[in-house]
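> For reference, the file work-v6.txt (compact mmCIF, C-alpha atoms) is included below:
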```
# COMPACT_ATOMS: atom_id res chain seq x y z
CA MET I 250 22.21 12.02 -24.16
CA LYS I 251 19.52 13.72 -22.11
CA LYS I 252 17.85 12.40 -19.00
CA TYR I 253 14.05 12.45 -18.97
CA VAL I 254 11.81 12.74 -15.93
CA CYS I 255 8.36 11.19 -15.46
CA SER I 256 5.85 13.93 -14.73
CA ILE I 257 3.68 11.51 -12.75
CA CYS I 258 6.05 9.88 -10.29
CA GLY I 259 9.37 11.68 -10.69
CA TYR I 260 11.35 8.65 -11.99
CA VAL I 261 14.33 9.76 -14.06
CA TYR I 262 15.24 7.82 -17.20
CA ASP I 263 19.02 7.90 -17.47
CA PRO I 264 20.27 6.69 -20.90
CA ALA I 265 23.58 5.71 -19.28
CA LYS I 266 21.74 3.15 -17.13
CA GLY I 267 18.90 2.17 -19.48
CA ASP I 268 16.04 0.17 -17.98
CA PRO I 269 17.37 -3.36 -17.49
CA ASP I 270 14.09 -4.70 -16.03
CA GLY I 271 12.22 -3.34 -19.04
CA GLY I 272 14.73 -4.88 -21.46
CA ILE I 273 16.36 -1.55 -22.37
CA ALA I 274 20.14 -1.69 -22.77
CA LYS I 275 22.55 0.86 -21.35
CA GLY I 276 23.21 3.69 -23.76
CA THR I 277 19.70 3.79 -25.23
CA ALA I 278 18.58 7.37 -25.84
CA PHE I 279 15.11 8.29 -24.58
CA GLU I 280 14.07 9.01 -28.17
CA ASP I 281 15.02 5.46 -29.15
CA LEU I 282 12.88 3.77 -26.50
CA PRO I 283 10.04 1.76 -28.06
CA ALA I 284 6.71 3.61 -28.30
CA ASP I 285 5.12 1.13 -25.88
CA TRP I 286 7.82 1.56 -23.24
CA VAL I 287 6.36 2.62 -19.88
CA CYS I 288 7.76 4.15 -16.72
CA PRO I 289 9.21 1.32 -14.62
CA VAL I 290 7.84 2.93 -11.44
CA CYS I 291 4.28 4.06 -12.23
CA SER I 292 3.75 2.65 -15.75
CA ALA I 293 3.04 6.08 -17.26
CA SER I 294 3.48 6.22 -21.04
CA LYS I 295 6.43 7.81 -22.81
CA ASP I 296 4.54 11.03 -23.52
CA GLU I 297 4.34 11.77 -19.79
CA PHE I 298 8.13 12.31 -19.80
CA ALA I 299 9.92 15.62 -20.21
CA PRO I 300 13.63 16.47 -20.46
CA GLU I 301 15.13 16.88 -16.99
CA MET L 75 -27.77 17.53 20.31
CA GLN L 76 -25.07 16.21 22.59
CA ASN L 77 -21.69 16.02 20.84
CA VAL L 78 -20.25 12.56 21.45
CA TYR L 79 -17.06 13.08 19.42
CA SER L 80 -13.98 14.58 21.04
CA ALA L 81 -10.48 15.32 19.84
CA VAL L 82 -7.61 13.25 21.25
CA LYS L 83 -4.54 15.14 22.39
CA ILE L 84 -1.33 13.80 20.83
CA THR L 85 1.21 16.40 21.92
CA GLU L 86 1.00 19.76 23.65
CA ASN L 87 -0.36 21.42 20.51
CA VAL L 88 -1.56 18.66 18.21
CA TYR L 89 -4.87 16.81 18.31
CA TRP L 90 -6.30 13.86 16.44
CA VAL L 91 -9.62 14.99 14.92
CA GLY L 92 -10.32 12.14 12.50
CA ALA L 93 -13.16 9.67 12.14
CA ILE L 94 -13.68 6.00 12.89
CA ASP L 95 -15.31 3.89 10.18
CA TRP L 96 -16.39 0.78 12.04
CA GLY L 97 -18.29 -0.62 9.06
CA ILE L 98 -16.03 -0.37 6.03
CA ARG L 99 -15.13 -3.77 4.61
CA ASP L 100 -14.01 -3.04 1.05
CA PHE L 101 -11.17 -0.68 0.19
CA HIS L 102 -11.01 -0.88 -3.61
CA GLY L 103 -10.67 -4.62 -3.47
CA TYR L 104 -8.76 -4.91 -0.18
CA THR L 105 -11.01 -6.46 2.46
CA THR L 106 -10.82 -4.67 5.78
CA PRO L 107 -12.53 -6.88 8.37
CA ALA L 108 -11.50 -4.56 11.21
CA GLY L 109 -12.81 -1.34 9.62
CA SER L 110 -10.59 1.73 9.47
CA THR L 111 -10.00 5.25 10.65
CA TYR L 112 -9.49 8.40 8.59
CA ASN L 113 -7.06 10.47 10.57
CA ALA L 114 -7.03 14.25 10.44
CA TYR L 115 -4.92 16.40 12.74
CA LEU L 116 -5.36 19.84 14.24
CA ILE L 117 -2.25 21.89 14.99
CA MET L 118 -3.00 24.59 17.58
CA ALA L 119 -0.23 26.93 16.41
CA ASP L 120 -0.55 30.72 16.15
CA ASP L 121 -1.95 29.94 12.73
CA VAL L 122 -4.26 27.01 13.40
CA THR L 123 -3.78 24.29 10.80
CA LEU L 124 -5.70 21.18 9.79
CA ILE L 125 -3.72 18.31 8.30
CA ASP L 126 -5.89 16.28 5.91
CA THR L 127 -9.62 15.76 6.13
CA VAL L 128 -11.78 12.62 6.08
CA LYS L 129 -14.00 10.59 3.78
CA ALA L 130 -17.11 12.57 2.81
CA PRO L 131 -19.75 10.88 5.03
CA PHE L 132 -17.55 11.50 8.10
CA LYS L 133 -17.26 15.28 7.75
CA ASP L 134 -19.55 16.03 10.72
CA GLU L 135 -17.66 13.61 12.98
CA MET L 136 -14.41 15.42 12.14
CA LEU L 137 -15.95 18.86 12.65
CA SER L 138 -17.39 17.75 16.01
CA ARG L 139 -13.96 16.63 17.16
CA ILE L 140 -12.45 19.93 16.00
CA ARG L 141 -15.20 21.85 17.86
CA SER L 142 -14.22 20.11 21.10
CA VAL L 143 -10.96 22.09 20.85
CA ILE L 144 -11.69 25.22 18.82
CA ASP L 145 -14.26 26.90 16.61
CA PRO L 146 -13.46 25.37 13.17
CA THR L 147 -13.66 28.80 11.50
CA LYS L 148 -10.45 29.71 13.39
CA ILE L 149 -8.51 27.27 11.18
CA LYS L 150 -6.24 29.32 8.94
CA TYR L 151 -4.59 26.66 6.81
CA ILE L 152 -5.52 23.21 5.51
CA ILE L 153 -2.81 20.88 4.24
CA SER L 154 -3.76 18.00 1.94
CA ASN L 155 -1.01 15.40 2.18
CA HIS L 156 -2.90 12.89 0.06
CA ALA L 157 -5.65 13.56 -2.49
CA GLU L 158 -7.34 10.15 -2.32
CA MET L 159 -11.05 10.47 -1.51
CA ASP L 160 -10.85 8.93 1.96
CA HIS L 161 -8.76 11.98 2.96
CA SER L 162 -10.21 14.65 0.69
CA GLY L 163 -13.83 13.66 0.08
CA CYS L 164 -15.18 16.47 2.27
CA LEU L 165 -12.41 18.99 1.50
CA ALA L 166 -14.50 21.31 -0.68
CA GLU L 167 -17.37 21.35 1.83
CA VAL L 168 -14.98 21.92 4.71
CA ILE L 169 -13.36 24.82 2.86
CA ASP L 170 -16.83 26.36 2.36
CA LEU L 171 -17.67 25.91 6.04
CA ILE L 172 -14.47 27.08 7.72
CA LYS L 173 -13.15 29.46 5.03
CA PRO L 174 -9.44 28.99 5.68
CA ASP L 175 -6.99 31.62 4.36
CA LYS L 176 -5.10 29.06 2.34
CA VAL L 177 -5.16 25.39 1.34
CA PHE L 178 -1.93 23.63 0.37
CA ALA L 179 -1.04 20.41 -1.44
CA SER L 180 1.87 19.11 -3.52
CA ALA L 181 1.97 20.28 -7.15
CA ILE L 182 0.50 16.97 -8.30
CA GLY L 183 -1.93 17.11 -5.37
CA VAL L 184 -3.30 20.40 -6.69
CA LYS L 185 -3.81 18.86 -10.12
CA THR L 186 -5.33 15.65 -8.74
CA LEU L 187 -7.76 17.47 -6.42
CA LYS L 188 -8.91 19.64 -9.34
CA GLU L 189 -9.45 16.57 -11.51
CA LEU L 190 -11.32 14.76 -8.72
CA TYR L 191 -13.65 17.54 -7.60
CA HIS L 192 -13.74 20.05 -10.48
CA ASP L 193 -14.02 22.62 -7.79
CA HIS L 194 -13.46 26.38 -7.81
CA HIS L 195 -11.40 26.62 -4.61
CA GLU L 196 -7.80 27.68 -5.02
CA ILE L 197 -5.26 25.17 -3.72
CA ILE L 198 -1.66 26.31 -3.50
CA ALA L 199 1.16 24.01 -4.57
CA VAL L 200 4.08 23.54 -2.17
CA LYS L 201 7.47 22.31 -3.32
CA ASP L 202 9.53 19.46 -1.97
CA GLY L 203 11.47 20.84 1.01
CA GLU L 204 9.42 24.03 1.26
CA THR L 205 8.53 25.33 4.72
CA LEU L 206 5.44 27.12 5.98
CA SER L 207 5.49 29.29 9.09
CA LEU L 208 2.54 28.91 11.43
CA GLY L 209 3.84 31.80 13.60
CA ASN L 210 5.28 29.93 16.55
CA MET L 211 5.78 26.69 14.62
CA ASN L 212 6.99 25.55 11.21
CA LEU L 213 5.93 22.90 8.77
CA THR L 214 8.24 21.33 6.19
CA PHE L 215 6.87 19.41 3.21
CA MET L 216 8.45 16.40 1.54
CA GLU L 217 7.18 14.89 -1.69
CA THR L 218 6.74 11.12 -1.39
CA ARG L 219 5.54 10.39 -4.89
CA MET L 220 4.06 6.91 -5.37
CA ILE L 221 3.78 6.23 -1.66
CA HIS L 222 1.27 5.51 -2.70
CA TRP L 223 -0.14 8.05 -5.18
CA PRO L 224 1.79 10.53 -7.32
CA ASP L 225 0.53 13.43 -5.18
CA SER L 226 1.51 11.97 -1.80
CA MET L 227 3.63 14.03 0.58
CA PHE L 228 4.79 14.05 4.18
CA THR L 229 4.49 17.09 6.43
CA TYR L 230 6.93 17.54 9.32
CA LEU L 231 6.22 19.68 12.37
CA ALA L 232 9.64 20.44 13.81
CA GLU L 233 8.56 21.97 17.14
CA GLU L 234 6.67 18.80 18.12
CA GLU L 235 9.07 16.40 16.33
CA LEU L 236 6.04 14.99 14.57
CA LEU L 237 5.84 13.50 11.06
CA PHE L 238 2.44 13.43 9.35
CA SER L 239 3.02 10.47 7.03
CA GLN L 240 -0.38 10.17 5.28
CA ASP L 241 -0.90 6.54 4.22
CA ALA L 242 2.64 5.37 4.96
CA PHE L 243 2.87 3.44 8.25
CA GLY L 244 -0.93 3.21 8.28
CA MET L 245 -3.29 0.29 8.82
CA HIS L 246 -6.99 -0.39 8.43
CA LEU L 247 -8.06 -0.87 12.02
CA ALA L 248 -11.06 0.79 13.65
CA THR L 249 -10.36 1.20 17.37
CA LEU L 250 -10.96 3.70 20.13
CA GLU L 251 -7.28 3.34 21.03
CA ARG L 252 -5.34 6.05 19.23
CA PHE L 253 -1.74 5.04 19.99
CA ASP L 254 0.43 2.09 19.05
CA ASP L 255 1.36 1.34 22.68
CA GLU L 256 -2.31 0.73 23.48
CA LEU L 257 -2.48 -2.20 21.04
CA SER L 258 -0.76 -5.58 21.02
CA GLN L 259 2.43 -5.97 18.99
CA HIS L 260 0.81 -8.88 17.18
CA THR L 261 -2.15 -6.75 16.05
CA LEU L 262 0.16 -3.93 14.96
CA GLU L 263 2.41 -6.23 12.96
CA TYR L 264 -0.42 -8.16 11.32
CA GLU L 265 -2.44 -5.09 10.36
CA ALA L 266 0.60 -3.03 9.25
CA ALA L 267 1.87 -5.97 7.14
CA THR L 268 -1.56 -6.52 5.59
CA TYR L 269 -1.76 -2.82 4.75
CA TYR L 270 1.77 -2.80 3.32
CA ALA L 271 1.08 -5.89 1.20
CA ASN L 272 -2.19 -4.57 -0.18
CA ILE L 273 -1.31 -0.89 -0.65
CA VAL L 274 2.41 -0.11 -0.51
CA LEU L 275 4.12 -3.23 -1.90
CA PRO L 276 4.27 -2.15 -5.60
CA TYR L 277 6.31 0.88 -4.56
CA SER L 278 8.83 -0.90 -2.36
CA ALA L 279 11.85 0.52 -4.22
CA ILE L 280 10.54 4.02 -3.57
CA VAL L 281 9.90 3.20 0.09
CA LEU L 282 13.59 2.41 0.56
CA LYS L 283 14.65 5.65 -1.15
CA THR L 284 12.14 7.70 0.84
CA LEU L 285 13.31 6.25 4.14
CA GLU L 286 16.85 7.30 3.18
CA LYS L 287 15.58 10.73 2.17
CA VAL L 288 13.87 11.18 5.55
CA ALA L 289 16.99 9.98 7.38
CA ALA L 290 19.13 12.46 5.40
CA THR L 291 17.02 15.42 6.58
CA GLY L 292 18.19 14.84 10.14
CA TRP L 293 14.63 15.38 11.35
CA LYS L 294 14.08 14.32 14.92
CA ILE L 295 10.92 12.26 14.91
CA LYS L 296 9.19 11.36 18.16
CA ILE L 297 5.80 10.67 16.66
CA ILE L 298 4.58 9.36 13.31
CA ALA L 299 0.98 10.28 12.63
CA PRO L 300 -0.42 8.34 9.64
CA ASP L 301 -3.79 8.80 7.91
CA HIS L 302 -5.15 5.39 9.00
CA GLY L 303 -4.93 3.45 12.23
CA PRO L 304 -2.92 4.15 15.37
CA ILE L 305 -0.39 6.95 15.90
CA TRP L 306 3.15 5.68 16.44
CA ARG L 307 4.71 7.10 19.60
CA LYS L 308 6.51 4.05 21.01
CA ASN L 309 7.39 1.56 18.26
CA LEU L 310 8.74 4.00 15.63
CA GLY L 311 12.06 2.24 15.13
CA TRP L 312 10.30 -1.10 14.96
CA ILE L 313 7.80 -0.10 12.27
CA ILE L 314 10.52 1.62 10.21
CA GLU L 315 12.64 -1.54 10.35
CA LEU L 316 9.61 -3.61 9.31
CA TYR L 317 9.07 -1.28 6.35
CA LYS L 318 12.73 -1.73 5.36
CA LYS L 319 12.35 -5.51 5.61
CA TRP L 320 9.10 -5.63 3.61
CA ALA L 321 10.45 -3.23 0.98
CA ALA L 322 13.65 -5.27 0.54
CA GLN L 323 11.50 -8.27 -0.55
CA LYS L 324 14.21 -10.75 0.35
CA PRO L 325 13.07 -14.32 -0.20
CA VAL L 326 12.44 -16.34 2.96
CA ASN L 327 11.96 -20.02 3.63
CA LYS L 328 8.23 -19.89 3.13
CA ALA L 329 5.94 -21.12 0.38
CA VAL L 330 2.43 -19.89 -0.32
CA VAL L 331 0.15 -22.36 -2.07
CA LEU L 332 -2.97 -20.75 -3.54
CA TYR L 333 -5.62 -22.68 -5.43
CA ALA L 334 -9.21 -22.82 -6.52
CA THR L 335 -11.00 -26.08 -7.11
CA MET L 336 -14.23 -27.36 -8.71
CA TRP L 337 -14.69 -30.88 -7.38
CA HIS L 338 -11.73 -31.14 -4.98
CA SER L 339 -9.23 -32.67 -7.42
CA THR L 340 -7.03 -29.56 -7.59
CA GLU L 341 -7.51 -29.34 -3.83
CA LYS L 342 -6.10 -32.84 -3.33
CA MET L 343 -3.10 -31.82 -5.42
CA ALA L 344 -2.67 -28.62 -3.38
CA CYS L 345 -2.72 -30.59 -0.12
CA ALA L 346 -0.15 -33.11 -1.40
CA ILE L 347 2.16 -30.30 -2.58
CA SER L 348 1.79 -28.38 0.70
CA GLU L 349 2.38 -31.41 2.92
CA SER L 350 5.47 -32.25 0.89
CA LEU L 351 6.82 -28.67 1.16
CA ALA L 352 6.27 -28.65 4.91
CA GLU L 353 7.91 -32.06 5.26
CA ALA L 354 10.95 -30.67 3.43
CA GLY L 355 11.22 -27.96 6.06
CA VAL L 356 9.55 -25.07 4.23
CA LYS L 357 7.05 -23.03 6.20
CA THR L 358 3.94 -23.34 4.06
CA SER L 359 0.64 -21.45 3.93
CA LEU L 360 -2.17 -23.15 2.03
CA LEU L 361 -5.10 -20.97 1.00
CA SER L 362 -8.14 -22.11 -0.90
CA MET L 363 -9.22 -19.09 -2.91
CA ASN L 364 -12.71 -20.61 -2.93
CA HIS L 365 -12.81 -19.44 0.68
CA PHE L 366 -10.09 -16.86 1.29
CA HIS L 367 -10.04 -13.28 0.07
CA ARG L 368 -7.37 -11.92 -2.27
CA SER L 369 -6.11 -9.52 0.40
CA GLN L 370 -5.22 -12.48 2.63
CA ALA L 371 -3.23 -13.98 -0.26
CA ALA L 372 -1.37 -10.65 -0.61
CA TYR L 373 -0.54 -10.71 3.11
CA GLU L 374 0.85 -14.26 2.85
CA VAL L 375 2.95 -13.45 -0.23
CA LEU L 376 4.52 -10.36 1.39
CA GLU L 377 7.07 -12.49 3.20
CA ALA L 378 7.59 -15.59 1.07
CA GLY L 379 10.11 -17.26 -1.21
CA ALA L 380 7.83 -19.45 -3.30
CA LEU L 381 4.40 -19.01 -4.85
CA VAL L 382 2.70 -22.20 -6.02
CA VAL L 383 -0.66 -21.75 -7.72
CA GLY L 384 -3.34 -24.17 -8.79
CA THR L 385 -6.58 -24.12 -10.71
CA SER L 386 -9.09 -26.40 -12.33
CA THR L 387 -9.90 -25.66 -15.96
CA LEU L 388 -13.38 -24.18 -16.36
CA ASN L 389 -14.68 -23.43 -19.86
CA ASN L 390 -11.12 -23.54 -21.25
CA ASN L 391 -10.01 -21.00 -18.66
CA ILE L 392 -8.66 -20.61 -15.15
CA LEU L 393 -11.24 -20.47 -12.38
CA PRO L 394 -12.56 -16.95 -11.69
CA GLN L 395 -11.29 -17.02 -8.10
CA MET L 396 -7.74 -17.58 -9.35
CA ALA L 397 -8.13 -15.01 -12.15
CA ASP L 398 -9.15 -12.51 -9.46
CA THR L 399 -6.29 -13.45 -7.13
CA MET L 400 -3.63 -13.45 -9.84
CA THR L 401 -4.75 -10.11 -11.34
CA TYR L 402 -4.57 -8.59 -7.88
CA LEU L 403 -1.20 -10.14 -6.98
CA LYS L 404 0.34 -9.18 -10.32
CA GLY L 405 -0.52 -5.54 -9.68
CA LEU L 406 1.12 -5.67 -6.25
CA LYS L 407 4.42 -6.74 -7.87
CA PRO L 408 5.81 -9.12 -5.27
CA ALA L 409 9.48 -9.73 -6.10
CA ASN L 410 12.11 -12.47 -5.82
CA LEU L 411 9.74 -15.42 -5.91
CA ILE L 412 10.14 -18.86 -7.39
CA GLY L 413 7.03 -20.84 -8.27
CA ALA L 414 5.05 -23.37 -10.23
CA ALA L 415 1.51 -24.01 -11.47
CA PHE L 416 -0.66 -27.11 -11.07
CA GLY L 417 -4.22 -28.28 -11.42
CA SER L 418 -6.77 -30.78 -12.56
CA PHE L 419 -8.87 -30.65 -15.75
CA GLY L 420 -11.59 -32.64 -17.47
CA TRP L 421 -10.82 -32.56 -21.18
CA SER L 422 -8.85 -29.55 -22.42
CA GLY L 423 -6.68 -28.26 -19.55
CA GLU L 424 -5.79 -24.68 -20.53
CA GLY L 425 -6.03 -23.45 -16.93
CA VAL L 426 -2.63 -24.59 -15.70
CA ARG L 427 -0.85 -23.33 -18.83
CA ASP L 428 -2.52 -19.92 -18.45
CA LEU L 429 -1.71 -19.79 -14.76
CA GLU L 430 1.96 -20.48 -15.47
CA ALA L 431 1.94 -17.71 -18.09
CA ILE L 432 0.69 -15.27 -15.43
CA LEU L 433 3.48 -16.37 -13.06
CA LYS L 434 5.99 -15.58 -15.82
CA GLU L 435 4.42 -12.16 -16.40
CA MET L 436 4.85 -11.57 -12.67
CA LYS L 437 8.54 -12.39 -13.09
CA VAL L 438 8.19 -15.42 -10.83
CA GLU L 439 11.03 -17.79 -11.63
CA ILE L 440 9.49 -21.10 -12.71
CA ALA L 441 11.18 -23.70 -10.50
CA ALA L 442 9.27 -26.82 -11.54
CA SER L 443 7.35 -27.91 -14.61
CA ALA L 444 3.63 -27.25 -14.49
CA LEU L 445 1.65 -30.27 -13.31
CA SER L 446 -1.63 -30.92 -15.07
CA ILE L 447 -3.74 -33.95 -14.17
CA ARG L 448 -6.83 -35.23 -15.99
CA ASN L 449 -9.82 -35.58 -13.61
CA ALA L 450 -9.13 -36.83 -10.06
CA PRO L 451 -5.50 -37.50 -9.12
CA ASN L 452 -4.62 -41.16 -8.56
CA LYS L 453 -1.74 -42.46 -6.44
CA GLY L 454 0.81 -41.76 -9.18
CA ALA L 455 -0.46 -38.23 -9.71
CA LEU L 456 -0.31 -37.48 -5.99
CA GLU L 457 3.27 -38.76 -5.94
CA MET L 458 4.01 -36.28 -8.73
CA CYS L 459 2.51 -33.54 -6.54
CA GLN L 460 4.77 -34.61 -3.68
CA GLU L 461 7.72 -34.49 -6.09
CA LEU L 462 6.72 -30.98 -7.15
CA GLY L 463 6.71 -29.92 -3.49
CA LYS L 464 10.17 -31.45 -3.01
CA THR L 465 11.52 -29.73 -6.13
CA ILE L 466 10.23 -26.34 -5.01
CA ALA L 467 11.68 -26.90 -1.53
CA ALA L 468 15.09 -27.80 -2.99
CA GLU L 469 15.09 -24.84 -5.39
CA LEU L 470 14.09 -22.50 -2.60
CA LYS L 471 16.88 -23.86 -0.41
CA ASN L 472 19.39 -23.22 -3.25
CA LYS L 473 18.08 -19.72 -3.76
CA LEU L 474 18.29 -18.88 -0.06
CA ALA L 475 21.82 -20.27 0.13
CA SER L 476 22.98 -18.12 -2.78
CA SER L 477 21.21 -14.90 -1.72
```
As structure tokens, please, write out the structure in this file.


Amino acid sequence: MKKYVCSICGYVYDPAKGDPDGGIAKGTAFEDLPADWVCPVCSASKDEFAPE
Amino acid sequence: MQNVYSAVKITENVYWVGAIDWGIRDFHGYTTPAGSTYNAYLIMADDVTLIDTVKAPFKDEMLSRIRSVIDPTKIKYIISNHAEMDHSGCLAEVIDLIKPDKVFASAIGVKTLKELYHDHHEIIAVKDGETLSLGNMNLTFMETRMIHWPDSMFTYLAEEELLFSQDAFGMHLATLERFDDELSQHTLEYEAATYYANIVLPYSAIVLKTLEKVAATGWKIKIIAPDHGPIWRKNLGWIIELYKKWAAQKPVNKAVVLYATMWHSTEKMACAISESLAEAGVKTSLLSMNHFHRSQAAYEVLEAGALVVGTSTLNNNILPQMADTMTYLKGLKPANLIGAAFGSFGWSGEGVRDLEAILKEMKVEIAASALSIRNAPNKGALEMCQELGKTIAAELKNKLASS
């Protein structure tokens, strides 16, 4: 599964780690994140992310 | 006309050429009773370089300070470490006046400056880790995204062992003293903490990573030159340790009680809770948001373990002073807090429930049931307030023991 990077703040979404604070379990692919998921660092929306 | 503004020499080849804003009191919602400075720096290298500019109305003050050292048209490069308007507001005008060869910013800085000023000037993007030769000296750039804007970057001048840190390590303090060792430690700590709480706190996790990133470069740093407030030349280790402490957000044995009141009933409850917390050995700060400003609340919460909040119910809602405070605090993302809500009401009492909901949204761990009292608290109600204080104190003690 691919890592995705936030174009605003540089945060990297790693599917292996998920986003525990945002309620996203380990092993969740970026594509499977809910549409309203936001960057845990700068709160940018999903469409601000690009594959790393 | 006589020029009253002079540059201040920082090192052999670097000068402070910023501006002092004695009158500013509102920084996008952060009250700055001591004013501020907008720091810009002139590097007298073979290729003369200006680091950052100042807020638009202060352009002439900056240019006067530059003129006390050199004709501003001799400046070859301008570096924009931070695109926010207090450091870039006069950038386009300054470019027109001094016609530098090149202007640099981070990649996001270039984009942000374009979107702010819709200006025709070319700004060149520098990469993280990239260096720029000034002839006899060298600059290295480091992206510091989200400290505190996406565009933010540090610039390091190796030959002078000087780090230009833009807003990091800054403070809003208008003074004629330019260096940390000319100010009292108390003033430095209070103003730096207030600045951290109101500006940097939401990005604490990134602060820790950035401090590690700077340490890993092996840069020797003798001076930290921020974009606001004094230049650090003595207490560098101290301020870096304070940043580590504030960023870690470890809970401490301190409670902050914030409230707003209509006819003093919620106030009586707040006093009973605070006295009880203090009696149980918890350092307690009590702030009436009818009188205090939200930025003071942010300062108090920076180093705390418990946040207890109270409101009357007004028109089925929380009081506007508490809505203001809670909106502001929520955005600052203080971490690792326990808390509770309380307040008095006349007939419907939604305020306390709504306040508790905000605490939960802030990820404050609810340590005691919300306490809602109809009209003025009687003896029994005040005893319940004292109990709430005791419960919070006990929960905080448990939390500190296990952390």

> Just the number, please: distance in Å from CA of Ala271 (chain L) to CA of Met400 (chain L), one decimal.

14.2 Å

> Residues near region 250-253 of chain I, anyone? I mean within 10 Å using all atoms listed in the file, not counting same-chain ones fewer than 4 positions away, as a ChimeraX atom specification.

/I:259-265,276-280,295,297-301

> Residues as selected, C-alpha atoms, written as an mmCIF file, in the coordinates of the input, can you do that?


```cif
data_model
loop_
_atom_site.group_PDB
_atom_site.id
_atom_site.type_symbol
_atom_site.label_atom_id
_atom_site.label_comp_id
_atom_site.auth_asym_id
_atom_site.auth_seq_id
_atom_site.Cartn_x
_atom_site.Cartn_y
_atom_site.Cartn_z
ATOM 1 C CA GLY I 259 9.370 11.680 -10.690
ATOM 2 C CA TYR I 260 11.350 8.650 -11.990
ATOM 3 C CA VAL I 261 14.330 9.760 -14.060
ATOM 4 C CA TYR I 262 15.240 7.820 -17.200
ATOM 5 C CA ASP I 263 19.020 7.900 -17.470
ATOM 6 C CA PRO I 264 20.270 6.690 -20.900
ATOM 7 C CA ALA I 265 23.580 5.710 -19.280
ATOM 8 C CA GLY I 276 23.210 3.690 -23.760
ATOM 9 C CA THR I 277 19.700 3.790 -25.230
ATOM 10 C CA ALA I 278 18.580 7.370 -25.840
ATOM 11 C CA PHE I 279 15.110 8.290 -24.580
ATOM 12 C CA GLU I 280 14.070 9.010 -28.170
ATOM 13 C CA LYS I 295 6.430 7.810 -22.810
ATOM 14 C CA GLU I 297 4.340 11.770 -19.790
ATOM 15 C CA PHE I 298 8.130 12.310 -19.800
ATOM 16 C CA ALA I 299 9.920 15.620 -20.210
ATOM 17 C CA PRO I 300 13.630 16.470 -20.460
ATOM 18 C CA GLU I 301 15.130 16.880 -16.990
#
```

> Applying 7 Å and all atoms listed in the file, which residues near region 409-423 of chain L remain after dropping the ones on its own chain fewer than 6 positions away? List them as a PyMOL selection string.

chain L and resi 323-325+339-340+379-387+390+429-430+438-450

> Near chain I, which residues of chain L fall within 10 Å when you count only C-alpha atoms, and what do they look like as a list of chain:residue names?

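That gives the following set of residues: L:Ile182, L:Glu217, L:Thr218, L:Arg219, L:Met220, L:Ile221, L:His222, L:Trp223, L:Pro224, L:Asp225, L:Ser226, L:Pro276, L:Tyr277, L:Ser278, L:Ala279, L:Ile280, L:Lys437.
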
> Keeping only C-alpha atoms, take the residues you just selected and write them out as a JSON list (two decimals), keeping the file's coordinate frame.


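Generated file (part20.json):
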```json
[["chain", "number", "residue", "atom", "x", "y", "z"],
["L", 182, "ILE", "CA", 0.50, 16.97, -8.30],
["L", 217, "GLU", "CA", 7.18, 14.89, -1.69],
["L", 218, "THR", "CA", 6.74, 11.12, -1.39],
["L", 219, "ARG", "CA", 5.54, 10.39, -4.89],
["L", 220, "MET", "CA", 4.06, 6.91, -5.37],
["L", 221, "ILE", "CA", 3.78, 6.23, -1.66],
["L", 222, "HIS", "CA", 1.27, 5.51, -2.70],
["L", 223, "TRP", "CA", -0.14, 8.05, -5.18],
["L", 224, "PRO", "CA", 1.79, 10.53, -7.32],
["L", 225, "ASP", "CA", 0.53, 13.43, -5.18],
["L", 226, "SER", "CA", 1.51, 11.97, -1.80],
["L", 276, "PRO", "CA", 4.27, -2.15, -5.60],
["L", 277, "TYR", "CA", 6.31, 0.88, -4.56],
["L", 278, "SER", "CA", 8.83, -0.90, -2.36],
["L", 279, "ALA", "CA", 11.85, 0.52, -4.22],
["L", 280, "ILE", "CA", 10.54, 4.02, -3.57],
["L", 437, "LYS", "CA", 8.54, -12.39, -13.09]]
```

> What's the separation between CA of Gln259 (chain L) and CA of Lys308 (chain L), in Å to one decimal place?

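So the answer is 11.0 Å.
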
> Here is a test: counting only C-alpha atoms, which residue of L:Leu470, L:Val331, L:Ala248, L:Ile298 is nearest to Gly97 (chain L)?

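Checking each of L:Leu470, L:Val331, L:Ala248, L:Ile298 against Gly97 (chain L), counting only C-alpha atoms, the winner is L:Ala248.
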
> Have a look at L:Glu86, L:Glu235, L:Asp301, L:Glu374 and name the one nearest to Lys129 (chain L); count all atoms listed in the file.

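Of L:Glu86, L:Glu235, L:Asp301, L:Glu374, the one nearest Lys129 (chain L), counting all atoms listed in the file, is L:Asp301.
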
> What is the CA of Arg307 (chain L)-CA of Leu237 (chain L) distance in Å, reported with one decimal?

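A separation of 10.7 Å between them.
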
> Select, from L:Val375, L:Cys164, L:Met343, L:Val143, the residue with the minimum atom-to-atom distance to Asn452 (chain L), counting only C-alpha atoms.

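Closest to Asn452 (chain L), using only C-alpha atoms: L:Met343.
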
> What's the 10 Å shell around region 77-83 of chain L, counting only C-alpha atoms, without same-chain residues fewer than 4 positions away, as a ChimeraX atom specification?

/L:87-93,115-116,134-143,251-252
